[in-house]
Amino acid sequence: MLTPNLTVNAEGHLCFGGADTVALAKQHGTPLYVMDENMIRENCRGYESVIAQEYGGRGLICYASKALSCMELYRIVDSEGLGADVISGGELYTALKAGMPAEKIVMHGNSKSDSELHMAVTRGVGRIVCDHLPELERLDRIAGAAGKTVNILLRIKPGIDAHTHDFVKTGCIDSKFGFALETGEAMAAVKAASLYPNLNLVGLHCHIGSQILETEPFAEAARVMVKFLAQIRSELGVTLPELNLGGGPGIRYTEADDPKPFGEIIRAILGAVKESCASAEFPEPFILFEPGRSIVGGAGLTLYTVMAKKTIPDIRTYVLVDGGMCDNPRYALYHSRYEALIANKAAAPRSASVTIGGKCCESGDLIGEDMPLQEAVPGDTLAVLATGAYNYSMASNYNRNPRAEIVMVRDGAARTVVKRESYLDIIANDI
Ligand SMILES: *Cc1c(COP(=O)(O)O)cnc(C)c1O
């Protein structure tokens, strides 16, 4: 199976985190997101233990909550000692409402509004990552008016090609995020940032992309960033104490995927940081990481009900389900691949090859094509695996479909952590 928390019980039903998914679908309805709390916690601890072992605990893991943002997730990661990376006022609001301490929050965004900056400043978030020069000026003005000084990091494009999909590649010069290193833009930003009285520049940030399967792009980014820290020291006489190296470790979406485990990636990054610091005689910085997908991705699956099967002779067979791009837009967006199985026939061989189609009025509303699957009939429960990241958080009300419920399972017991939207919720803001 794709992840060790997937098993098949005596009835041939797929179990996830010890819970029978067929029973969950019956009890809670479909589409249904199911998250495994133990796996989320294990992943949090995995990250923390590498920082403890390899770096004396001199770091903070900030869960990148855009992967899956809901109050219970912030409570879980907070209780494991993690902070959170937020990218909007809405994520910040959710994190604070859930009780996440503001000082453990990193605020991101390449296009933050004045009201989002004001909220971050007045609520006291620990660090704000600044993306462009006019933002420095706005943030300084907003902080000054609030009588606050804010800790900032500068988002740097280190010029690393991380061999991932173009849409999720962010470290190159042609990216909408941050200051480019090779053009001198980044150094100019460091100089500019030091001139604002209400901004306290504490360090640098980079994030080279997402679903990266190898260690080397990360290690290379770390070397480039430490080199730049040393260059800042020699040119400006300033020793910045913090380095935030973003997120991006990949996960297994299909049986064919073979990503480096995140522990290995973090170990390689910290090794590169220590080596580069030693050779530049630069003090080892406090390190921040922002993993999202690798904490929640494999810890989630989605259950659907099969509504119909449609065979187009010599072309393809569609298995049509009661959800689709409204709960998982990733195939429509990136042609992302998934594994699926019929949860109530999980022990049977996946002898068919099908296209899984959603219920939305778009031909591109697919969960995947050429997917091996057990023979499906209407009424079956379909499980799509590894949907814990960038599914619920990217869900929409397209076609006025209510957003699906999320249940959290722990040792076989399930509880609702996000309720299914009702039709009343759908019209709540209509006038
Ligand atoms: C998306 C993002 C992350 C998380 O990426 P994952 O691939 O989910 O680990 C972290 N930091 C920033 C700035 C991001 O944009």
# chains A, B, ... in the order shown; residues from 1 in each chain; ligands from 1
>>> residues_near_ligand(ligand="ligand 1", cutoff="6 Å", atoms="only C-alpha atoms and all ligand atoms", output="list in words")
Ala64, Ala67, His207, Ser210, Gln211, Gly246, Gly247, Gly248, Pro249, Glu290, Pro291, Gly292, Arg293 and Ser294 of chain A
>>> residues_around(residues="segment 224-227 of chain A", least_positions_apart="2", cutoff="9 Å", atoms="only C-alpha atoms", output="VMD selection string")
chain A and resid 156 158 to 159 204 to 206 219 to 222 229 to 232 243 245 273 276 to 277 280 282 284 to 285
>>> select_by_dssp(residues="segment 162-328 of chain A", states="alpha helix (DSSP H)", output="VMD selection string")
chain A and resid 185 to 193 216 to 236 262 to 280 293 to 296
>>> atom_distance(atom1="atom CA of Ala383 of chain A", atom2="atom CA of Leu32 of chain A")
9.5 Å
>>> closest_residue(among="A:Ile142, A:Ala343, A:Val8, A:Leu270", to="Thr215 of chain A", atoms="only C-alpha atoms")
A:Leu270
>>> closest_residue(among="A:Val417, A:Ala389, A:Leu366, A:Ile128", to="Ile295 of chain A", atoms="only C-alpha atoms")
A:Ala389
>>> residues_around(residues="Val121 of chain A", least_positions_apart="5", cutoff="9 Å", atoms="only C-alpha atoms", output="compact mmCIF listing (two decimals) with N, CA, C and O atoms, in the first residue's frame")
# COMPACT_ATOMS: atom_id res chain seq x y z
N GLU A 116 -4.37 43.04 5.85
CA GLU A 116 -3.68 41.82 6.28
C GLU A 116 -2.39 42.16 7.04
O GLU A 116 -2.10 41.56 8.08
N ILE A 128 7.25 38.48 9.66
CA ILE A 128 6.56 38.76 8.40
C ILE A 128 7.60 38.65 7.29
O ILE A 128 8.68 39.23 7.40
N LEU A 139 4.59 48.37 5.10
CA LEU A 139 4.65 47.70 6.40
C LEU A 139 5.25 48.62 7.46
O LEU A 139 4.77 48.67 8.61
N ILE A 142 2.54 51.03 8.48
CA ILE A 142 1.49 50.38 9.26
C ILE A 142 1.99 50.06 10.67
O ILE A 142 1.30 50.27 11.67
N ALA A 143 3.24 49.57 10.76
CA ALA A 143 3.81 49.25 12.07
C ALA A 143 3.99 50.52 12.90
O ALA A 143 3.67 50.55 14.10
N ALA A 146 0.86 51.73 14.40
CA ALA A 146 0.40 50.86 15.49
C ALA A 146 1.36 50.91 16.68
O ALA A 146 1.13 50.22 17.69
N LYS A 148 4.43 49.73 16.78
CA LYS A 148 5.11 48.43 16.90
C LYS A 148 6.36 48.39 16.02
O LYS A 148 6.45 49.09 15.02
N THR A 149 7.28 47.52 16.43
CA THR A 149 8.40 47.16 15.56
C THR A 149 8.17 45.72 15.16
O THR A 149 7.81 44.89 16.00
N VAL A 150 8.34 45.40 13.87
CA VAL A 150 8.08 44.02 13.45
C VAL A 150 9.35 43.34 12.93
O VAL A 150 10.18 43.96 12.27
>>> closest_atom_pairs(of="segment 305-422 of chain A", to="segment 10-18 of chain A", cutoff="9 Å", atoms="only C-alpha atoms", output="JSON lines")
{"residue": "A:Leu341", "atom": "CA", "partner": "A:Leu14", "partner_atom": "CA", "distance": 8.6}
{"residue": "A:Ile342", "atom": "CA", "partner": "A:Leu14", "partner_atom": "CA", "distance": 8.1}
{"residue": "A:Ala343", "atom": "CA", "partner": "A:Leu14", "partner_atom": "CA", "distance": 4.9}
{"residue": "A:Asn344", "atom": "CA", "partner": "A:His13", "partner_atom": "CA", "distance": 4.7}
{"residue": "A:Lys345", "atom": "CA", "partner": "A:Gly12", "partner_atom": "CA", "distance": 5.7}
{"residue": "A:Ala346", "atom": "CA", "partner": "A:Leu14", "partner_atom": "CA", "distance": 5.5}
{"residue": "A:Ala347", "atom": "CA", "partner": "A:Gly12", "partner_atom": "CA", "distance": 5.3}
{"residue": "A:Ala348", "atom": "CA", "partner": "A:Gly12", "partner_atom": "CA", "distance": 8.0}
{"residue": "A:Ala383", "atom": "CA", "partner": "A:Leu14", "partner_atom": "CA", "distance": 8.4}
{"residue": "A:Val409", "atom": "CA", "partner": "A:Gly17", "partner_atom": "CA", "distance": 6.4}
{"residue": "A:Arg410", "atom": "CA", "partner": "A:Gly17", "partner_atom": "CA", "distance": 6.5}
{"residue": "A:Asp411", "atom": "CA", "partner": "A:Gly18", "partner_atom": "CA", "distance": 5.6}
{"residue": "A:Gly412", "atom": "CA", "partner": "A:Gly18", "partner_atom": "CA", "distance": 4.1}
{"residue": "A:Ala413", "atom": "CA", "partner": "A:Gly18", "partner_atom": "CA", "distance": 7.8}
